[in-house]
Every structure is written in C-alpha cells, then in structure tokens.
>>> print(open('work-v5.txt').read())   # compact mmCIF, C-alpha atoms and all ligand atoms
# COMPACT_ATOMS: atom_id res chain seq x y z
CA MET A 352 110.79 -10.81 -52.56
CA TYR A 353 112.81 -7.92 -53.99
CA PHE A 354 112.85 -9.62 -57.37
CA ILE A 355 109.07 -9.72 -57.44
CA LEU A 356 108.91 -6.09 -56.44
CA PHE A 357 111.36 -5.20 -59.19
CA LEU A 358 109.17 -6.91 -61.81
CA LEU A 359 106.14 -5.09 -60.52
CA HIS A 360 108.08 -1.88 -60.67
CA LEU A 361 108.60 -2.31 -64.42
CA SER A 362 104.95 -1.80 -65.05
CA GLU A 363 103.60 1.68 -64.37
CA SER A 364 100.07 0.42 -63.95
CA PHE A 365 101.20 -1.70 -61.01
CA ASN A 366 102.84 1.20 -59.28
CA SER A 367 100.29 1.58 -56.54
CA ILE A 368 100.46 -2.13 -55.79
CA TYR A 369 104.21 -1.77 -55.62
CA ILE A 370 103.95 1.03 -53.07
CA PHE A 371 101.41 -0.97 -51.09
CA MET A 372 103.61 -4.07 -51.02
CA LYS A 373 106.65 -2.01 -50.13
CA LYS A 374 104.78 -0.57 -47.19
CA ILE A 375 103.86 -4.03 -46.00
CA LEU A 376 107.43 -5.23 -46.38
CA LEU A 377 108.83 -2.25 -44.50
CA GLY A 378 106.20 -2.81 -41.83
CA LEU A 379 107.19 -6.46 -41.51
CA ALA A 380 110.85 -5.55 -41.33
CA ALA A 381 110.19 -3.00 -38.58
CA PHE A 382 108.08 -5.52 -36.70
CA ALA A 383 110.81 -8.15 -36.99
CA LEU A 384 113.30 -5.67 -35.57
CA ILE A 385 111.09 -4.89 -32.60
CA VAL A 386 110.47 -8.55 -31.94
CA THR A 387 114.17 -9.40 -32.09
CA ALA A 388 115.02 -6.49 -29.84
CA CYS A 389 112.47 -7.66 -27.31
CA SER A 390 113.27 -11.33 -27.26
CA LYS A 391 117.03 -11.51 -26.88
CA GLU A 392 116.30 -14.18 -24.35
CA GLU A 393 113.74 -16.63 -25.60
CA VAL A 394 110.54 -16.59 -23.59
CA SER A 395 108.95 -20.03 -23.40
CA GLU A 396 105.26 -20.71 -23.04
CA GLN A 397 105.70 -21.54 -19.41
CA ASP A 398 107.59 -18.33 -18.79
CA LEU A 399 104.56 -16.36 -19.91
CA THR A 400 102.70 -17.55 -16.84
CA GLN A 401 105.36 -16.06 -14.69
CA GLN A 402 105.42 -12.77 -16.52
CA GLU A 403 101.78 -12.40 -15.81
CA ILE A 404 102.15 -13.05 -12.15
CA ILE A 405 104.13 -9.90 -11.93
CA LYS A 406 101.79 -7.63 -13.72
CA ASP A 407 99.01 -7.35 -16.15
CA ASN A 408 99.18 -3.86 -17.48
CA GLY A 409 98.12 -4.11 -21.09
CA GLU A 410 96.32 -1.05 -22.39
CA ILE A 411 98.54 1.98 -22.37
CA ALA A 412 101.75 0.15 -21.65
CA GLY A 413 100.66 -2.11 -24.52
CA LYS A 414 103.56 -1.91 -26.95
CA SER A 415 106.39 -2.38 -24.48
CA ARG A 416 104.55 -4.96 -22.45
CA ALA A 417 106.47 -8.05 -23.52
CA CYS A 418 109.85 -6.47 -22.88
CA HIS A 419 108.84 -5.11 -19.53
CA SER A 420 107.37 -8.45 -18.48
CA ASP A 421 110.55 -10.20 -19.51
CA TYR A 422 112.49 -7.89 -17.24
CA ASN A 423 110.08 -8.56 -14.39
CA LEU A 424 110.21 -12.29 -15.02
CA LYS A 425 113.91 -12.39 -14.25
CA ARG A 426 113.38 -10.49 -11.02
CA GLN A 427 110.59 -12.85 -9.98
CA ILE A 428 112.65 -15.98 -10.64
CA LYS A 429 115.57 -14.50 -8.73
CA GLU A 430 113.31 -13.73 -5.79
CA ASN A 431 111.58 -17.11 -5.82
CA PRO A 432 113.46 -19.94 -7.54
CA GLY A 433 110.76 -22.49 -6.56
CA LEU A 434 108.02 -20.69 -8.46
CA GLU A 435 108.68 -22.28 -11.81
CA ASN A 436 108.05 -25.79 -10.48
CA ILE A 437 104.85 -24.70 -8.74
CA LEU A 438 103.52 -23.20 -11.96
CA ASN A 439 104.47 -26.26 -13.99
CA SER A 440 102.63 -28.51 -11.58
CA ILE A 441 99.50 -26.32 -11.64
CA GLU A 442 99.58 -26.40 -15.43
CA SER A 443 99.93 -30.17 -15.67
CA LYS A 444 97.18 -30.70 -13.11
CA THR A 445 94.95 -28.39 -15.15
CA LYS A 446 95.73 -30.29 -18.31
CA ARG A 447 94.97 -33.62 -16.63
CA PHE A 448 91.67 -32.27 -15.33
CA ILE A 449 90.62 -31.00 -18.75
CA ASP A 450 91.65 -34.28 -20.41
CA SER A 451 89.63 -36.23 -17.83
CA LYS A 452 86.55 -34.24 -18.85
CA ARG A 453 86.84 -35.16 -22.49
CA PRO A 454 83.95 -37.26 -23.70
CA GLY A 455 84.53 -40.95 -24.20
CA ASN A 456 87.11 -41.58 -21.51
CA GLY A 457 84.51 -42.81 -19.05
CA ASN A 458 85.45 -40.21 -16.50
CA GLY A 459 82.93 -37.42 -16.47
CA GLY A 460 82.15 -37.13 -20.16
CA GLY A 461 78.83 -38.89 -19.69
CA ASN A 462 76.56 -36.08 -18.66
CA ASN A 463 75.93 -34.71 -22.06
CA GLY A 464 75.14 -37.86 -23.88
CA GLY A 465 78.52 -38.63 -25.37
CA GLY A 466 78.51 -35.52 -27.56
CA GLU A 467 81.58 -33.67 -28.76
CA GLU A 468 81.63 -31.06 -26.02
CA PRO A 469 83.07 -31.61 -22.55
CA PRO A 470 80.58 -31.63 -19.67
CA THR A 471 79.65 -28.23 -18.35
CA ASP A 472 77.84 -29.18 -15.19
CA PHE A 473 79.70 -28.56 -11.92
CA PRO A 474 78.72 -27.89 -8.33
CA ILE A 475 78.00 -24.20 -7.84
CA VAL A 476 80.76 -22.66 -5.72
CA THR A 477 80.84 -19.34 -3.90
CA ILE A 478 84.03 -17.35 -3.38
CA PRO A 479 84.03 -14.86 -0.48
CA VAL A 480 85.65 -11.50 -1.20
CA TYR A 481 87.40 -8.89 0.95
CA VAL A 482 87.65 -5.42 -0.53
CA HIS A 483 90.39 -3.10 0.73
CA VAL A 484 89.75 0.51 -0.21
CA ILE A 485 92.87 2.68 0.06
CA TYR A 486 92.15 6.31 -0.72
CA SER A 487 93.84 9.69 -0.85
CA ASN A 488 90.65 11.69 -1.49
CA ASN A 489 86.89 11.36 -1.03
CA GLN A 490 86.22 10.13 -4.56
CA GLU A 491 88.65 7.25 -4.17
CA ASN A 492 86.91 6.30 -0.94
CA ILE A 493 84.25 4.59 -3.02
CA SER A 494 80.81 3.96 -1.58
CA ASP A 495 79.43 0.66 -0.33
CA ALA A 496 76.99 0.91 -3.24
CA GLN A 497 79.88 0.98 -5.71
CA ILE A 498 81.50 -2.02 -4.01
CA ASN A 499 78.22 -3.94 -4.08
CA SER A 500 77.76 -3.08 -7.75
CA GLN A 501 81.07 -4.81 -8.50
CA ILE A 502 80.05 -7.98 -6.68
CA ALA A 503 76.78 -7.93 -8.64
CA VAL A 504 78.66 -7.57 -11.95
CA LEU A 505 80.91 -10.51 -11.07
CA ASN A 506 77.90 -12.66 -10.27
CA LYS A 507 76.22 -11.74 -13.55
CA ASP A 508 79.31 -12.22 -15.70
CA PHE A 509 80.49 -15.50 -14.15
CA ARG A 510 76.98 -16.98 -14.16
CA MET A 511 76.22 -15.80 -17.73
CA ASN A 512 73.38 -13.69 -16.39
CA ASN A 513 74.84 -10.54 -17.96
CA SER A 514 72.21 -8.69 -19.96
CA ASP A 515 74.51 -8.31 -22.99
CA ALA A 516 75.03 -12.08 -23.40
CA ASN A 517 72.44 -11.87 -26.18
CA GLN A 518 75.04 -10.07 -28.33
CA ILE A 519 77.25 -13.17 -28.54
CA PRO A 520 77.46 -14.00 -32.27
CA SER A 521 75.96 -17.34 -33.27
CA GLU A 522 79.44 -18.55 -34.25
CA PHE A 523 80.35 -18.54 -30.53
CA ALA A 524 76.96 -19.11 -28.91
CA ASP A 525 77.72 -22.74 -28.06
CA ASN A 526 81.04 -21.78 -26.49
CA ALA A 527 79.61 -19.33 -23.97
CA ALA A 528 79.86 -20.56 -20.38
CA ASP A 529 78.09 -20.22 -17.09
CA THR A 530 81.15 -20.88 -14.90
CA GLN A 531 78.91 -21.78 -11.96
CA ILE A 532 81.07 -19.56 -9.74
CA ASN A 533 79.44 -16.99 -7.41
CA PHE A 534 80.97 -14.23 -5.31
CA THR A 535 79.90 -12.82 -1.99
CA LEU A 536 81.19 -9.80 -0.08
CA ALA A 537 82.80 -10.90 3.20
CA GLY A 538 83.96 -7.48 4.34
CA VAL A 539 85.42 -4.09 3.49
CA THR A 540 88.42 -2.29 4.97
CA ARG A 541 88.98 1.43 4.44
CA THR A 542 92.38 3.06 4.79
CA SER A 543 93.26 6.69 4.26
CA SER A 544 96.71 7.38 2.83
CA SER A 545 98.64 10.36 1.54
CA ARG A 546 99.96 8.24 -1.32
CA THR A 547 98.21 9.15 -4.60
CA SER A 548 99.39 6.32 -6.84
CA TRP A 549 100.54 2.83 -5.98
CA GLY A 550 102.12 1.29 -9.06
CA THR A 551 102.27 -2.46 -9.70
CA ARG A 552 104.93 -3.61 -7.20
CA ASP A 553 102.37 -4.72 -4.59
CA ASP A 554 102.99 -1.97 -2.01
CA MET A 555 99.23 -1.67 -1.47
CA LYS A 556 99.27 -5.26 -0.17
CA ARG A 557 101.82 -4.62 2.58
CA SER A 558 101.12 -2.76 5.80
CA SER A 559 104.88 -2.21 6.04
CA GLN A 560 104.57 -0.09 2.89
CA GLY A 561 101.50 1.83 3.98
CA GLY A 562 99.17 -0.67 2.38
CA VAL A 563 96.86 -3.33 3.82
CA ASP A 564 97.86 -6.97 4.32
CA PRO A 565 95.56 -9.57 2.73
CA ILE A 566 93.04 -11.27 5.01
CA ASP A 567 93.33 -15.08 4.97
CA PRO A 568 94.16 -15.23 1.23
CA ALA A 569 93.81 -19.02 1.06
CA ASN A 570 90.12 -18.70 1.93
CA TYR A 571 89.23 -15.24 0.59
CA LEU A 572 89.73 -13.43 -2.67
CA ASN A 573 91.35 -10.13 -1.62
CA MET A 574 90.73 -7.06 -3.80
CA TRP A 575 92.65 -3.83 -3.30
CA VAL A 576 90.93 -0.76 -4.70
CA CYS A 577 93.47 2.04 -5.00
CA ASN A 578 94.82 4.32 -7.69
CA ILE A 579 97.47 2.32 -9.59
CA GLY A 580 98.46 5.15 -11.93
CA GLY A 581 100.05 5.04 -15.38
CA GLY A 582 96.72 4.35 -17.09
CA ILE A 583 96.66 0.83 -15.65
CA LEU A 584 93.15 -0.40 -14.91
CA GLY A 585 94.02 -3.42 -12.81
CA TYR A 586 96.37 -6.35 -12.32
CA ALA A 587 96.13 -9.82 -10.85
CA GLN A 588 98.28 -12.53 -9.29
CA PHE A 589 97.93 -15.96 -10.86
CA PRO A 590 97.49 -19.15 -8.81
CA GLY A 591 100.78 -20.38 -7.37
CA GLY A 592 102.25 -17.04 -6.29
CA SER A 593 103.06 -15.79 -2.83
CA ALA A 594 100.19 -15.73 -0.30
CA ALA A 595 101.37 -12.35 0.98
CA THR A 596 100.48 -10.68 -2.34
CA ASP A 597 97.62 -12.87 -3.52
CA GLY A 598 94.56 -11.19 -5.02
CA VAL A 599 93.65 -8.51 -7.55
CA VAL A 600 94.18 -4.74 -7.65
CA ILE A 601 91.79 -2.38 -9.41
CA SER A 602 91.85 1.41 -9.71
CA PRO A 603 88.70 2.88 -8.10
CA GLN A 604 87.33 4.47 -11.27
CA TYR A 605 87.15 1.02 -12.93
CA PHE A 606 85.61 -0.82 -10.00
CA GLY A 607 81.87 -1.50 -10.15
CA ASN A 608 79.38 0.22 -12.42
CA THR A 609 78.05 3.06 -10.30
CA GLY A 610 79.57 6.00 -8.40
CA PHE A 611 83.14 7.11 -9.19
CA VAL A 612 83.47 5.20 -12.48
CA SER A 613 84.98 6.25 -15.79
CA ALA A 614 83.90 5.28 -19.33
CA PRO A 615 84.64 3.21 -21.33
CA PHE A 616 85.68 1.01 -18.40
CA ASP A 617 82.67 1.75 -16.24
CA GLU A 618 80.84 -1.58 -16.28
CA GLY A 619 82.95 -3.48 -13.78
CA ARG A 620 84.58 -5.71 -16.37
CA THR A 621 88.15 -4.88 -15.37
CA THR A 622 87.50 -6.91 -12.22
CA THR A 623 85.87 -9.70 -14.25
CA HIS A 624 89.03 -9.80 -16.40
CA GLU A 625 91.43 -9.72 -13.44
CA VAL A 626 89.52 -12.40 -11.53
CA GLY A 627 89.82 -14.47 -14.72
CA HIS A 628 93.62 -14.23 -14.38
CA TYR A 629 93.41 -14.90 -10.66
CA LEU A 630 91.63 -18.17 -11.59
CA ASN A 631 94.39 -19.01 -14.11
CA LEU A 632 93.10 -17.61 -17.42
CA ARG A 633 95.49 -16.11 -19.97
CA HIS A 634 94.64 -13.47 -22.51
CA ILE A 635 92.85 -15.08 -25.44
CA TRP A 636 95.66 -14.27 -27.90
CA GLY A 637 98.11 -16.10 -25.59
CA ASP A 638 100.26 -12.93 -25.38
CA GLY A 639 102.11 -13.93 -28.50
CA ARG A 640 101.85 -14.79 -32.14
CA CYS A 641 99.36 -17.15 -33.78
CA LYS A 642 100.87 -20.31 -32.35
CA GLN A 643 101.20 -18.93 -28.83
CA ASP A 644 98.32 -20.58 -27.04
CA ASP A 645 96.11 -19.54 -24.16
CA PHE A 646 95.73 -23.28 -23.40
CA VAL A 647 92.02 -23.06 -24.15
CA SER A 648 90.81 -25.03 -27.16
CA ASP A 649 87.62 -23.11 -27.89
CA THR A 650 89.12 -19.61 -28.04
CA PRO A 651 90.33 -19.16 -31.64
CA ALA A 652 94.01 -18.38 -32.14
CA SER A 653 94.95 -14.73 -32.49
CA ASP A 654 98.19 -12.80 -32.54
CA ARG A 655 97.11 -9.60 -30.82
CA ALA A 656 94.88 -7.86 -28.36
CA ASN A 657 91.81 -6.05 -29.64
CA TYR A 658 90.87 -2.61 -28.34
CA GLY A 659 87.85 -0.34 -28.33
CA CYS A 660 84.76 -1.98 -29.73
CA PRO A 661 85.75 -4.13 -32.72
CA SER A 662 83.24 -4.84 -35.44
CA TYR A 663 82.26 -8.46 -35.98
CA PRO A 664 83.86 -10.43 -37.52
CA THR A 665 87.42 -9.36 -36.71
CA SER A 666 89.85 -12.01 -37.93
CA HIS A 667 93.50 -12.82 -37.27
CA CYS A 668 95.43 -16.07 -37.72
CA ARG A 669 92.77 -17.30 -40.20
CA SER A 670 89.92 -17.35 -37.70
CA THR A 671 87.44 -14.98 -36.13
CA ASP A 672 88.80 -13.46 -32.92
CA MET A 673 86.59 -13.94 -29.89
CA THR A 674 86.87 -10.19 -29.23
CA MET A 675 83.81 -10.27 -26.96
CA ASN A 676 85.65 -12.49 -24.49
CA TYR A 677 86.41 -11.01 -21.05
CA MET A 678 90.08 -11.92 -21.56
CA ASP A 679 90.59 -9.62 -24.56
CA TYR A 680 91.37 -5.88 -24.11
CA VAL A 681 88.19 -4.36 -25.54
CA ASP A 682 85.99 -1.76 -23.81
CA ASP A 683 83.72 -2.94 -21.01
CA ALA A 684 80.60 -2.66 -23.18
CA CYS A 685 82.14 -4.95 -25.82
CA MET A 686 83.14 -7.95 -23.69
CA TYR A 687 80.42 -10.33 -22.56
CA MET A 688 81.52 -13.97 -22.37
CA PHE A 689 83.82 -16.63 -20.96
CA SER A 690 84.14 -19.82 -23.01
CA ASN A 691 83.57 -23.41 -21.88
CA GLY A 692 87.29 -24.09 -22.22
CA GLN A 693 88.08 -21.13 -19.97
CA LYS A 694 85.54 -22.40 -17.50
CA LEU A 695 87.35 -25.75 -17.35
CA ARG A 696 90.66 -24.01 -16.58
CA MET A 697 89.06 -21.99 -13.77
CA ARG A 698 87.21 -24.98 -12.38
CA ALA A 699 90.47 -26.99 -12.42
CA VAL A 700 92.12 -24.71 -9.84
CA LEU A 701 88.98 -24.85 -7.69
CA GLU A 702 88.90 -28.67 -7.65
CA ALA A 703 89.72 -30.45 -4.38
CA ASP A 704 93.42 -30.73 -5.26
CA GLY A 705 93.60 -27.39 -7.09
CA ALA A 706 95.73 -24.38 -6.22
CA ARG A 707 92.63 -22.39 -5.19
CA ALA A 708 90.56 -25.21 -3.71
CA SER A 709 90.21 -23.57 -0.29
CA LEU A 710 88.47 -20.52 -1.78
CA ALA A 711 85.44 -22.47 -2.87
CA ASN A 712 82.48 -22.78 -0.54
N1 LIG A 801 94.82 -5.40 -17.03
C1 LIG A 801 94.14 -4.76 -18.10
C2 LIG A 801 94.57 -3.30 -18.16
O1 LIG A 801 94.99 -2.74 -17.16
C3 LIG A 801 92.67 -4.83 -17.86
C4 LIG A 801 91.88 -4.77 -19.07
C5 LIG A 801 90.45 -4.86 -18.71
N2 LIG A 801 89.61 -4.49 -19.81
C6 LIG A 801 88.45 -3.85 -19.64
N3 LIG A 801 87.68 -3.61 -20.67
N4 LIG A 801 88.05 -3.46 -18.49
O2 LIG A 801 94.51 -2.69 -19.18
ZN ZN A 802 94.89 -9.14 -18.48
CA CA A 803 92.87 -20.85 -27.79
>>> encode(input="work-v5.txt", output="structure tokens")
Amino acid sequence: MYFILFLLHLSESFNSIYIFMKKILLGLAAFALIVTACSKEEVSEQDLTQQEIIKDNGEIAGKSRACHSDYNLKRQIKENPGLENILNSIESKTKRFIDSKRPGNGNGGGNNGGGEEPPTDFPIVTIPVYVHVIYSNNQENISDAQINSQIAVLNKDFRMNNSDANQIPSEFADNAADTQINFTLAGVTRTSSSRTSWGTRDDMKRSSQGGVDPIDPANYLNMWVCNIGGGILGYAQFPGGSAATDGVVISPQYFGNTGFVSAPFDEGRTTTHEVGHYLNLRHIWGDGRCKQDDFVSDTPASDRANYGCPSYPTSHCRSTDMTMNYMDYVDDACMYMFSNGQKLRMRAVLEADGARASLAN
C-alpha cells in the first residue's frame, strides 16, 4: 500500500488523489484500532443475541454501543448461566421453522404454487398489551388517546396497512410483509413517581425499585412508558429472557403519534422497532460488519446503521441497504416495512412450540 502511495506521490498531478487515498488509509487504520480496542474478547454471532437482551440503545450511544454491550453481556451471563442454551435452542427452532417453509420440501411450501418465495399465509394472531405509564410530571402521564394511537400504529405497521407503504422502492416491493399480527390494549396502569429518569437496568419493571411489575408476561406484552434518559428512545427484551423483566420500554415522547410526542420520532415507530426485537428480530445490519448476519435472507447485508432519512439507493456491502426497514435506525417517517424473512422469524416464536406461543390469541 505505501509503495503505491509513494509512486503516486512522484507525480504532482496525482497529488489530490494521494491526499484522498491517504485520508482513506488513515481512516481505515483508525477504524481498525477502534475495532481491536472494542473486541479484545471475540463476540460470536450467538453472543450478539445476548447483548441485545440487555439493552438496545443505538442512536446517541451509537459509537460505543458494541463495547458497552460486551460489558453487559458478561454481567448477564454471570447472572444467568442457563441463558445461552435457551437462546441457542430458540435460534435452532427458528431456523428449523424457516427451513420447513422453504418451497419444495412438501411441508408448507405449497400455498404459493411452488414459486421461489416461502409461503406468507398464516393464521392472524392478536397479542394483548398492558401499558404501564410511570410519570414524574403531567406531560409524562400520557393520555389514553396517545396510548391508543400507539396501538393503532402497531396494527397498521404489522399488518402493512401503514399509509407510507407506497414509498417502498420497487426493488423491495416483493419483500414487504403483512406479518398477520394484531395488537389489542388489555389495560393501562398509571404510577406517579419522583424519579425523573429510569435508565436501562429494568428498575421500571420492579415494584421493589419503585417501578411496576409485569402483568402475566407469558400471556401479555408488557410496555413500560417512562423517561429512560440519555437520549435513548426505547429498549426491548428478546425472547428467552427472564419473565420478571419481559417486555419493552419506551420513553413517553416517542410513544404513539399524538399528544406528548417529539419529532423526528413522533410516529410511534420506536415501539414498532422494539416489538420487532421482542419478537426476535435483529437490526438489519446484524450489528456488525458485512458478514454479520441478521439471520434474515431477504434483508441485504450491510455493515452499519443508517440515520436520519437516507436517500435511495443507499448502498453498503455491495447491495442496496433496506434503510426503510423498521429494524434500521432511521427517523420514524423514513421506516415503513418489515420483510417476509423477518415475518418468518417473528412467526416462528409465535408457533405452538415457540418461545412466545402463549402470547398469541
Ligand atoms: N432502540 C433504538 C434507540 O433507542 C430505537 C430506534 C427506533 N427508531 C426510530 N426511528 N424510532 O435509538
Ligand atoms: Zn434496536
Ligand atoms: Ca440479511
């Protein structure tokens, strides 16, 4: 590499190219340093599941996320040595389910005429939801209307009835999924607290910590709406974790699409994203480099999160990123689809033998 640069350097007319290449090289070197510093202990693909159980705090914490998750991962394994096996078994069950849906194996591939795509027709299931509002001021004590608006957004997004689905580029039109999952509000609890921010260590889920215990988490999706702090919009627990902390947490200003909401995360998509995790979806870039998978075959490989509202096409790893997917990090107005492959992962945990089977009605 340096030899090539030296040759380029000989020629004045190539000087700007030289500076450009040098910048790239220095950038790569710096990146390599960061990566090495962060991954003293190798993080395997399976480990990534566990990192995410602990927290999902992309956005502002973005850059240091991997390191922080690695730290949390060790704590989680220490606290619960059986977790790794549980996650492995959920993952292999999911893989078996998806394989069984492949066309041509005589086991469910028949209902779209032996085409290339897996079947997309499932029974429609409804997941009942408890919302726990924990507030330290009147604004945070969000209205019933705001809570209902979030349930409505979930139903639109998961059933592909969202009005912005028409923005899906033709490249991905065939991948867009109606997950055939509905949500219904089972009840709301309201708790006043002097605590103004709750962090990501699950205190809001424990009455012993001034929070609210989940209600029957095997049969209900519990959502805690409280100020997390630190610029974190929300976080989720993946299937397989402890029942005592199962559910999703969303800050009130990112919950629903009316009332006390804050742009550009004011369309209720933080909850769509977190419920995706809760139903076993990873981020579409697999939280790693090009080869780090999200275990979904129809989300193109990428090596990074996208933010804001990316122009189309945005490409990384030699393919167009599905930036409009709910499992990227873009603004609410710029995410508007789940893929068929993601649908299969979510439906796998809702199957009769799945980790979230008892949620489905
Ligand atoms: N857990 C992510 C965060 O806290 C949620 C990102 C959701 N994205 C969105 N457009 N609402 O940053
Ligand atoms: Zn996430
Ligand atoms: Ca993928």
>>> residues_near_ligand(input="work-v5.txt", ligand="ligand CA 803 (chain A)", cutoff="6 Å", atoms="all atoms listed in the file", output="VMD selection string")
chain A and resid 644 to 652
>>> atom_distance(input="work-v5.txt", atom1="CA of Ile532 in chain A", atom2="CA of Ile485 in chain A")
27.0 Å
>>> closest_residue(input="work-v5.txt", among="A:Thr551, A:Asn431, A:Asn676, A:Thr477", to="Asn570 in chain A", atoms="all atoms listed in the file")
A:Thr477
>>> axis_aligned_box(input="work-v5.txt", around="range 667-672 of chain A", padding_each_side="3 Å", output="AutoDock Vina command-line options")
--center_x 91.4 --center_y -15.1 --center_z -36.6 --size_x 14.0 --size_y 10.5 --size_z 13.3
>>> closest_residue(input="work-v5.txt", among="A:Val599, A:Ala594, A:Ala699, A:Met688", to="Asn573 in chain A", atoms="only C-alpha atoms")
A:Val599
>>> closest_residue(input="work-v5.txt", among="A:Thr623, A:Ser500, A:Asn517, A:Thr665", to="Val600 in chain A", atoms="all atoms listed in the file")
A:Thr623
>>> atom_distance(input="work-v5.txt", atom1="CA of Arg541 in chain A", atom2="CA of Asn513 in chain A")
29.1 Å
>>> atom_distance(input="work-v5.txt", atom1="CA of Phe611 in chain A", atom2="CA of Ile493 in chain A")
6.8 Å
>>> residues_near_ligand(input="work-v5.txt", ligand="ligand LIG 801 (chain A)", cutoff="10 Å", atoms="all atoms listed in the file", output="PyMOL selection string")
chain A and resi 403+406-413+579+581-587+600-602+605-606+614-625+628+634+658-660+675-686
>>> write_last_selection(input="work-v5.txt", atoms="C-alpha atoms", output="PDB file, keeping the file's coordinate frame")
ATOM      1  CA  GLU A 403     101.780 -12.400 -15.810  1.00  0.00           C
ATOM      2  CA  LYS A 406     101.790  -7.630 -13.720  1.00  0.00           C
ATOM      3  CA  ASP A 407      99.010  -7.350 -16.150  1.00  0.00           C
ATOM      4  CA  ASN A 408      99.180  -3.860 -17.480  1.00  0.00           C
ATOM      5  CA  GLY A 409      98.120  -4.110 -21.090  1.00  0.00           C
ATOM      6  CA  GLU A 410      96.320  -1.050 -22.390  1.00  0.00           C
ATOM      7  CA  ILE A 411      98.540   1.980 -22.370  1.00  0.00           C
ATOM      8  CA  ALA A 412     101.750   0.150 -21.650  1.00  0.00           C
ATOM      9  CA  GLY A 413     100.660  -2.110 -24.520  1.00  0.00           C
ATOM     10  CA  ILE A 579      97.470   2.320  -9.590  1.00  0.00           C
ATOM     11  CA  GLY A 581     100.050   5.040 -15.380  1.00  0.00           C
ATOM     12  CA  GLY A 582      96.720   4.350 -17.090  1.00  0.00           C
ATOM     13  CA  ILE A 583      96.660   0.830 -15.650  1.00  0.00           C
ATOM     14  CA  LEU A 584      93.150  -0.400 -14.910  1.00  0.00           C
ATOM     15  CA  GLY A 585      94.020  -3.420 -12.810  1.00  0.00           C
ATOM     16  CA  TYR A 586      96.370  -6.350 -12.320  1.00  0.00           C
ATOM     17  CA  ALA A 587      96.130  -9.820 -10.850  1.00  0.00           C
ATOM     18  CA  VAL A 600      94.180  -4.740  -7.650  1.00  0.00           C
ATOM     19  CA  ILE A 601      91.790  -2.380  -9.410  1.00  0.00           C
ATOM     20  CA  SER A 602      91.850   1.410  -9.710  1.00  0.00           C
ATOM     21  CA  TYR A 605      87.150   1.020 -12.930  1.00  0.00           C
ATOM     22  CA  PHE A 606      85.610  -0.820 -10.000  1.00  0.00           C
ATOM     23  CA  ALA A 614      83.900   5.280 -19.330  1.00  0.00           C
ATOM     24  CA  PRO A 615      84.640   3.210 -21.330  1.00  0.00           C
ATOM     25  CA  PHE A 616      85.680   1.010 -18.400  1.00  0.00           C
ATOM     26  CA  ASP A 617      82.670   1.750 -16.240  1.00  0.00           C
ATOM     27  CA  GLU A 618      80.840  -1.580 -16.280  1.00  0.00           C
ATOM     28  CA  GLY A 619      82.950  -3.480 -13.780  1.00  0.00           C
ATOM     29  CA  ARG A 620      84.580  -5.710 -16.370  1.00  0.00           C
ATOM     30  CA  THR A 621      88.150  -4.880 -15.370  1.00  0.00           C
ATOM     31  CA  THR A 622      87.500  -6.910 -12.220  1.00  0.00           C
ATOM     32  CA  THR A 623      85.870  -9.700 -14.250  1.00  0.00           C
ATOM     33  CA  HIS A 624      89.030  -9.800 -16.400  1.00  0.00           C
ATOM     34  CA  GLU A 625      91.430  -9.720 -13.440  1.00  0.00           C
ATOM     35  CA  HIS A 628      93.620 -14.230 -14.380  1.00  0.00           C
ATOM     36  CA  HIS A 634      94.640 -13.470 -22.510  1.00  0.00           C
ATOM     37  CA  TYR A 658      90.870  -2.610 -28.340  1.00  0.00           C
ATOM     38  CA  GLY A 659      87.850  -0.340 -28.330  1.00  0.00           C
ATOM     39  CA  CYS A 660      84.760  -1.980 -29.730  1.00  0.00           C
ATOM     40  CA  MET A 675      83.810 -10.270 -26.960  1.00  0.00           C
ATOM     41  CA  ASN A 676      85.650 -12.490 -24.490  1.00  0.00           C
ATOM     42  CA  TYR A 677      86.410 -11.010 -21.050  1.00  0.00           C
ATOM     43  CA  MET A 678      90.080 -11.920 -21.560  1.00  0.00           C
ATOM     44  CA  ASP A 679      90.590  -9.620 -24.560  1.00  0.00           C
ATOM     45  CA  TYR A 680      91.370  -5.880 -24.110  1.00  0.00           C
ATOM     46  CA  VAL A 681      88.190  -4.360 -25.540  1.00  0.00           C
ATOM     47  CA  ASP A 682      85.990  -1.760 -23.810  1.00  0.00           C
ATOM     48  CA  ASP A 683      83.720  -2.940 -21.010  1.00  0.00           C
ATOM     49  CA  ALA A 684      80.600  -2.660 -23.180  1.00  0.00           C
ATOM     50  CA  CYS A 685      82.140  -4.950 -25.820  1.00  0.00           C
ATOM     51  CA  MET A 686      83.140  -7.950 -23.690  1.00  0.00           C
TER      52      MET A 686
END
>>> residues_around(input="work-v5.txt", residues="Ser666 in chain A", least_positions_apart="2", cutoff="12 Å", atoms="all atoms listed in the file", output="MDAnalysis selection string")
chainID A and resid 636 641 651:657 661:664 668:674
>>> write_last_selection(input="work-v5.txt", atoms="C-alpha atoms", output="CSV table (one decimal), in the coordinates of the input")
chain,number,residue,atom,x,y,z
A,636,TRP,CA,95.7,-14.3,-27.9
A,641,CYS,CA,99.4,-17.2,-33.8
A,651,PRO,CA,90.3,-19.2,-31.6
A,652,ALA,CA,94.0,-18.4,-32.1
A,653,SER,CA,95.0,-14.7,-32.5
A,654,ASP,CA,98.2,-12.8,-32.5
A,655,ARG,CA,97.1,-9.6,-30.8
A,656,ALA,CA,94.9,-7.9,-28.4
A,657,ASN,CA,91.8,-6.0,-29.6
A,661,PRO,CA,85.8,-4.1,-32.7
A,662,SER,CA,83.2,-4.8,-35.4
A,663,TYR,CA,82.3,-8.5,-36.0
A,664,PRO,CA,83.9,-10.4,-37.5
A,668,CYS,CA,95.4,-16.1,-37.7
A,669,ARG,CA,92.8,-17.3,-40.2
A,670,SER,CA,89.9,-17.4,-37.7
A,671,THR,CA,87.4,-15.0,-36.1
A,672,ASP,CA,88.8,-13.5,-32.9
A,673,MET,CA,86.6,-13.9,-29.9
A,674,THR,CA,86.9,-10.2,-29.2
>>> closest_residue(input="work-v5.txt", among="A:Pro520, A:Gly705, A:Pro474, A:Gly637", to="ligand ZN 802 (chain A)", atoms="all atoms listed in the file")
A:Gly637
>>> closest_residue(input="work-v5.txt", among="A:Ser487, A:Gln588, A:Gln643, A:Thr547", to="ligand ZN 802 (chain A)", atoms="all atoms listed in the file")
A:Gln588
>>> residues_around(input="work-v5.txt", residues="Val480 in chain A", least_positions_apart="6", cutoff="8 Å", atoms="only C-alpha atoms", output="mmCIF file with C-alpha atoms, in the frame of the given file")
data_model
loop_
_atom_site.group_PDB
_atom_site.id
_atom_site.type_symbol
_atom_site.label_atom_id
_atom_site.label_comp_id
_atom_site.auth_asym_id
_atom_site.auth_seq_id
_atom_site.Cartn_x
_atom_site.Cartn_y
_atom_site.Cartn_z
ATOM 1 C CA PHE A 534 80.970 -14.230 -5.310
ATOM 2 C CA THR A 535 79.900 -12.820 -1.990
ATOM 3 C CA LEU A 536 81.190 -9.800 -0.080
ATOM 4 C CA ALA A 537 82.800 -10.900 3.200
ATOM 5 C CA GLY A 538 83.960 -7.480 4.340
ATOM 6 C CA TYR A 571 89.230 -15.240 0.590
ATOM 7 C CA LEU A 572 89.730 -13.430 -2.670
ATOM 8 C CA ASN A 573 91.350 -10.130 -1.620
ATOM 9 C CA MET A 574 90.730 -7.060 -3.800
#
